Structure formats: structure tokens, C-alpha cells
Amino acid sequence: MARTQARTKTIRRWRRNMEVGDDKAYVDMLTTLSEGSVRRNFNPYTDIDWDSPEFAVIPDDPRWVLPGTDPLGRHPWYQAQPLDKQIAIGMWRQANVAKVGLHFESILIRGLMNYAFWVPNGSPEYRYCLHESVEECNHTMMFQEMVNRIGADVPGMPRMLKWLAALIPLAAGPVPIMFFFGVLAGEEPIDHTQKAVLREGRSLHPIMERVMAIHVAEEARHISFAHEYLRKRVPGMRARKRIWLSLHVPIIMRVLCSAILKPPRSFWKEFDIPKSVKREVFFRSPESRQMLSDVFADVRMLCHDTGLMNPAAKLIWRICRIDGAPSRYRSEPQRAHLPSAAPEAVARVAETIPA
Ligand SMILES: [Fe+2]
Ligand SMILES: [Fe+2]
């Protein structure tokens with residue numbers, strides 16, 4: 001009897017958490033995001049002229065050499081390789097990042113659908129989640145087209161995560177807070193990496209430049225939503241659950257981030273890359289450690305602001321090597337970065353697209 005009551009209480013609480021109508025600021029934020037999705041969105045086949053000659057993938061094109069912002073691209077071993085090998089590695093790696101991105105997005109789409117399934121009538125979260133799913137479907141098509149054009153038969157996510165891919169979206173219904181932290185663990189590293197490449201301002205292959213600029217432009221909304229979703233829910237959690245969550249957040253961040261940034265086993269074998277290089281690049285060298293920490297500055301801020309940064313949680317952030325100062329505001333540029341060229345690259349692409 002007592003058990004049944006507890007269960008009903010949990011379900012009632014879970015349902016109440018999905019009622020957002022009385023929070024005007026939150027509803028306004030969702031309306032702004034949804035209207036933004038209607039006003040400015042991209043289509044992978046009308047906004048990217050795949051068949052124009054400048055988009056052709058041609059052999060020996062040095063624009064595929066990995067940029068200095070890539071942890072492997074700046075490693076002396078990579079830079080000492082002959083140009084054709086640098087190009088081949090660059091094409092494979094960049095195709096695989098796109099493939100991992102679309103695998104991740106596919107999990108996200110399924111999760112958003114599972115979440116939206118339970119949302120009550122009239123909730124503005126339904127509309128926004130659906131807008132985001134549509135955008136992510138377009139991203140997966142855009143990334144797959146890019147992989148196909150590059151022509152490297154890349155596997156994407158590590159095998160283990162591919163097996164789990166069917167289960168992760170199921171969490172979005174019953175434990176959405178955990179799920180949305182997982183969303184940030186995927187979106188933040190991808191967004192951070194793409195912005196860093198665009199900021200570097202080097203001449204990129206037009207496929208890369210266009211795909212990344214479109215992605216960065218739409219991702220800003222998705223990341224905002226995940227942050228605001230969590231800011232609304234986490235502070236109201238019961239103390240015990242919040243402590244439990246605080247200990248798991250850094251682990252989720254680190255595990256998913258590694259899965260996204262680290263190329264799979266077949267990559268190292270295919271290009272005969274020494275183990276010592278692999279270890280240094282992911283993540284023993286001071287630069288790659290710094291990058292790992294920078295990627296999660298906004299998530300650390302979120303955790304500080306929502307009561308998820310207690311001494312034990314801080315220790316786990318440190319053990320996972322993703323500790324550091326929190327951002328002062330979202331997307332605060334890291335001091336070590338070059339002057340930002342990312343907004344210009346995004347604006348360049350945006351200008352060519354009819355409003
Ligand atoms: Fe995306
Ligand atoms: Fe996204």
C-alpha cells in the first residue's frame with residue numbers, strides 16, 4: 001500500500017514537472033526560441049549547393065589538412081607526416097566527426113520525441129522540442145551528405161555507444177533531467193570544436209565551412225534550451241536526488257565528450273599512428289587538457305548556479321579532468337582564443353540565405 005502511494009506520488013511529481021504554463025519567463029523564452037526556428041532555419045539541400053564546382057571533393061586538396069585547433073592537427077607527429085597522409089587523415093577525421101555528430105543527433109531526436117510524447121496539451125515545450133527535432137533531422141542529412149561526398153567509410157561513434165544508442169533515448173521520458181545533461185555533454189563539445197575551427201579563420205574546404213557555420217547558427221538555440229530546461233528543474237529537486245545527480249553530471253560529460261572527440265580504434269590502425277601520440281593527444285598534453293576543461297565552462301556555470309557543485313562533486317569534476325573556473329556568462333570566449341571570427345563566418349553564410 002505504502003509502496004503504491006509512493007509510486008503515485010512520484011508519477012504525480014513527474015507530471016507536475018511538465019506543467020510550465022505558470023512560469024511566464026520560461027514560456028516567453030520558449031516562444032522566442034520557437035519563433036527563431038520559424039524565422040531562421042536551414043535546409044540541407046537548398047541552402048548548400050552540393051553540386052557547384054567549388055564544393056567538389058578533389059584529390060590532394062590541402063584544405064583538408066587538420067587545423068591547429070584540432071588536438072591531433074597540432075601534434076608534431078601529424079605535422080611531420082607527408083602532405084598526402086595529412087590530407088587523408090584530415091578527411092577521415094573530419095568525416096568521422098560528422099558521422100559521430102549525426103549518430104548523436106539521431107539519439108537526441110528519438111529522446112526529444114519520447115519527452116514530447118508525455119508533455120501535456122498546450123505546453124510550449126511540445127512545439128519547441130518538435131522544432132529542434134526537425135532541425136536535427138536536417139543536420140543529420142547534411143552531415144551524412146558531407147560524409148558521402150568525402151568518401152571515407154567512417155564508423156562514427158565507438159561500437160559500445162552504438163549498442164547503447166537504442167536505450168539512451170528511453171531515459172528522456174522518465175528521467176528527462178539526466179537526459180538533458182546528456183544532450184549538453186554531446187552538444188557542447190561539438191559546438192566548441194566547430195566554433196574553434198571557424199575562429200581559426202584558416203581556409204577550409206567550402207563543404208566544411210558551410211556545414212559548420214549552419215550548424216553553429218542553429219545549435220545556439222538547442223544549447224540555450226537545454227540550459228534553460230535544467231535551470232528550471234534542477235533547483236526544485238529533492239536534496240538527496242540532487243546530490244546524486246551532482247556526482248553523475250561530470251561523469252556523463254567526460255564519458256560522452258571522449259566518445260565524441262576521440263576517433264575510434266579503426267582510425268589509429270588505418271593510419272598507423274603510434275600509441276604514444278594517441279595517449280598524448282587524448283588527453284595527456286597540457287593543450288588537450290585545457291581544451292577538455294574549456295569545453296565544459298558553461299556546464300560548470302550551470303552546475304554552480306543550480307546547486308550541483310558541492311565538495312564531492314567538485315572532486316569528481318577534478319578526477320574526470322574537466323574542472324576549472326565556470327564561465328561568467330554563456331559562450332564566454334576563453335582567454336587563450338584568437339579574436340573571434342566565428343560570428344563573421346556564420347554571418348557570411350546567413351547572408352546568402354533568404355530570410
Ligand atoms: Fe545538430
Ligand atoms: Fe542540436
# chains A, B, ... in the order shown; residues from 1 in each chain; ligands from 1
call {"tool": "residues_around", "arguments": {"residues": "segment 162-175 of chain A", "least_positions_apart": "2", "cutoff": "6 Å", "atoms": "only C-alpha atoms", "output": "PDB file with C-alpha atoms, in the first residue's frame"}}
result
ATOM      1  CA  ILE A 107      19.804   9.689 -30.293  1.00  0.00           C
ATOM      2  CA  ARG A 110      14.492   9.966 -30.528  1.00  0.00           C
ATOM      3  CA  GLY A 111      14.821  11.300 -26.968  1.00  0.00           C
ATOM      4  CA  ASN A 114       9.962  10.391 -26.153  1.00  0.00           C
ATOM      5  CA  TYR A 115       9.882  13.504 -23.989  1.00  0.00           C
ATOM      6  CA  ARG A 159      30.847   0.429 -31.022  1.00  0.00           C
ATOM      7  CA  MET A 160      29.805   0.238 -27.372  1.00  0.00           C
ATOM      8  CA  ILE A 177      16.926  15.881 -16.344  1.00  0.00           C
ATOM      9  CA  MET A 178      19.536  13.175 -16.778  1.00  0.00           C
ATOM     10  CA  PHE A 179      18.751  13.051 -20.496  1.00  0.00           C
TER      11      PHE A 179
END
call {"tool": "residues_around", "arguments": {"residues": "Asp191 of chain A", "least_positions_apart": "3", "cutoff": "8 Å", "atoms": "only C-alpha atoms", "output": "PDB file with N, CA and C atoms, in the first residue's frame"}}
result
ATOM      1  N   GLU A 187      26.307  18.208 -27.143  1.00  0.00           N
ATOM      2  CA  GLU A 187      26.245  19.445 -27.931  1.00  0.00           C
ATOM      3  C   GLU A 187      27.403  20.391 -27.623  1.00  0.00           C
ATOM      4  N   GLU A 188      27.795  20.479 -26.353  1.00  0.00           N
ATOM      5  CA  GLU A 188      28.852  21.435 -26.005  1.00  0.00           C
ATOM      6  C   GLU A 188      30.189  21.111 -26.694  1.00  0.00           C
ATOM      7  N   GLN A 194      33.564  23.157 -33.343  1.00  0.00           N
ATOM      8  CA  GLN A 194      33.248  23.813 -34.617  1.00  0.00           C
ATOM      9  C   GLN A 194      33.536  25.316 -34.545  1.00  0.00           C
ATOM     10  N   LYS A 195      33.188  25.923 -33.404  1.00  0.00           N
ATOM     11  CA  LYS A 195      33.469  27.356 -33.270  1.00  0.00           C
ATOM     12  C   LYS A 195      34.969  27.608 -33.314  1.00  0.00           C
ATOM     13  N   VAL A 216      26.541  25.704 -36.320  1.00  0.00           N
ATOM     14  CA  VAL A 216      26.773  26.588 -35.168  1.00  0.00           C
ATOM     15  C   VAL A 216      25.580  27.540 -34.988  1.00  0.00           C
ATOM     16  N   GLU A 219      22.636  25.537 -33.578  1.00  0.00           N
ATOM     17  CA  GLU A 219      22.944  24.886 -32.305  1.00  0.00           C
ATOM     18  C   GLU A 219      22.775  25.834 -31.126  1.00  0.00           C
TER      19      GLU A 219
END
call {"tool": "residues_near_ligand", "arguments": {"ligand": "ligand 2", "cutoff": "9 Å", "atoms": "only C-alpha atoms and all ligand atoms", "output": "VMD selection string"}}
result
chain A and resid 105 108 132 to 133 135 to 136 139 183 186 to 187 191 215 to 216 218 to 223
call {"tool": "atom_distance", "arguments": {"atom1": "atom CA of Pro71 of chain A", "atom2": "atom 1 (Fe, counted along the ligand's line) of ligand 1"}}
result
21.9 Å
call {"tool": "closest_residue", "arguments": {"among": "A:Asp153, A:Asp323, A:Phe271, A:Arg318", "to": "Lys85 of chain A", "atoms": "only C-alpha atoms"}}
result
A:Phe271
call {"tool": "atom_distance", "arguments": {"atom1": "atom CA of Pro274 of chain A", "atom2": "atom CA of Met291 of chain A"}}
result
21.8 Å
call {"tool": "residues_around", "arguments": {"residues": "Gly73 of chain A", "least_positions_apart": "6", "cutoff": "10 Å", "atoms": "only C-alpha atoms", "output": "list in words"}}
result
Val65, Leu66, Pro67, Gln79, Gln86, Ile89, Gly90 and Val281 of chain A
call {"tool": "residues_around", "arguments": {"residues": "Pro235 of chain A", "least_positions_apart": "2", "cutoff": "8 Å", "atoms": "only C-alpha atoms", "output": "compact mmCIF listing (two decimals) with C-alpha atoms, in the first residue's frame"}}
result
# COMPACT_ATOMS: atom_id res chain seq x y z
CA ARG A 231 17.87 25.76 -14.77
CA LYS A 232 14.14 25.46 -14.34
CA ARG A 233 14.07 21.89 -12.99
CA MET A 237 14.81 18.60 -7.00
CA THR A 306 21.71 25.21 -9.75
CA GLY A 307 23.32 23.75 -6.62
call {"tool": "residues_around", "arguments": {"residues": "Pro53 of chain A", "least_positions_apart": "5", "cutoff": "12 Å", "atoms": "only C-alpha atoms", "output": "ChimeraX atom specification"}}
result
/A:58,206-207
call {"tool": "select_by_dssp", "arguments": {"residues": "segment 77-261 of chain A", "states": "helix (DSSP H, G or I)", "output": "PyMOL selection string"}}
result
chain A and resi 77-79+83-118+124-150+159-164+168-172+176-200+206-236+239-261
call {"tool": "atom_distance", "arguments": {"atom1": "atom CA of Ile260 of chain A", "atom2": "atom CA of Phe104 of chain A"}}
result
8.5 Å
call {"tool": "residues_around", "arguments": {"residues": "Asp298 of chain A", "least_positions_apart": "3", "cutoff": "10 Å", "atoms": "only C-alpha atoms", "output": "PyMOL selection string"}}
result
chain A and resi 184+188+227+294-295+301-304+325-332
call {"tool": "write_last_selection", "arguments": {"atoms": "N, CA and C atoms", "output": "CSV table (one decimal), in the first residue's frame"}}
result
chain,number,residue,atom,x,y,z
A,184,LEU,N,23.6,18.1,-23.3
A,184,LEU,CA,24.7,19.1,-23.2
A,184,LEU,C,26.1,18.4,-23.4
A,188,GLU,N,27.8,20.5,-26.4
A,188,GLU,CA,28.9,21.4,-26.0
A,188,GLU,C,30.2,21.1,-26.7
A,227,HIS,N,20.1,24.3,-21.5
A,227,HIS,CA,20.4,25.1,-20.2
A,227,HIS,C,19.2,25.5,-19.5
A,294,ASP,N,38.0,23.6,-21.1
A,294,ASP,CA,37.3,24.8,-21.7
A,294,ASP,C,35.9,24.4,-22.2
A,295,VAL,N,35.8,23.2,-22.7
A,295,VAL,CA,34.6,22.7,-23.4
A,295,VAL,C,33.4,22.8,-22.4
A,301,MET,N,29.2,26.4,-15.0
A,301,MET,CA,28.4,27.6,-14.6
A,301,MET,C,27.0,27.1,-14.2
A,302,LEU,N,26.4,26.4,-15.1
A,302,LEU,CA,25.1,25.8,-14.8
A,302,LEU,C,25.0,25.1,-13.5
A,303,CYS,N,26.0,24.2,-13.3
A,303,CYS,CA,26.1,23.4,-12.1
A,303,CYS,C,26.2,24.3,-10.8
A,304,HIS,N,27.1,25.3,-10.9
A,304,HIS,CA,27.2,26.3,-9.8
A,304,HIS,C,25.9,26.9,-9.5
A,325,ALA,N,37.4,27.0,-13.8
A,325,ALA,CA,36.5,28.1,-13.4
A,325,ALA,C,35.3,28.0,-14.3
A,326,PRO,N,34.1,28.4,-13.7
A,326,PRO,CA,32.9,28.4,-14.5
A,326,PRO,C,32.9,29.7,-15.4
A,327,SER,N,32.2,29.6,-16.5
A,327,SER,CA,32.0,30.9,-17.3
A,327,SER,C,31.3,31.9,-16.5
A,328,ARG,N,31.5,33.2,-16.8
A,328,ARG,CA,30.7,34.2,-16.2
A,328,ARG,C,29.4,34.4,-16.9
A,329,TYR,N,29.4,34.1,-18.2
A,329,TYR,CA,28.1,34.2,-18.9
A,329,TYR,C,28.3,33.1,-20.0
A,330,ARG,N,27.1,32.7,-20.6
A,330,ARG,CA,27.2,31.6,-21.6
A,330,ARG,C,28.0,32.0,-22.8
A,331,SER,N,28.8,31.1,-23.4
A,331,SER,CA,29.6,31.3,-24.6
A,331,SER,C,30.7,32.3,-24.3
A,332,GLU,N,31.1,32.5,-23.1
A,332,GLU,CA,32.2,33.5,-22.8
A,332,GLU,C,33.4,32.9,-23.5
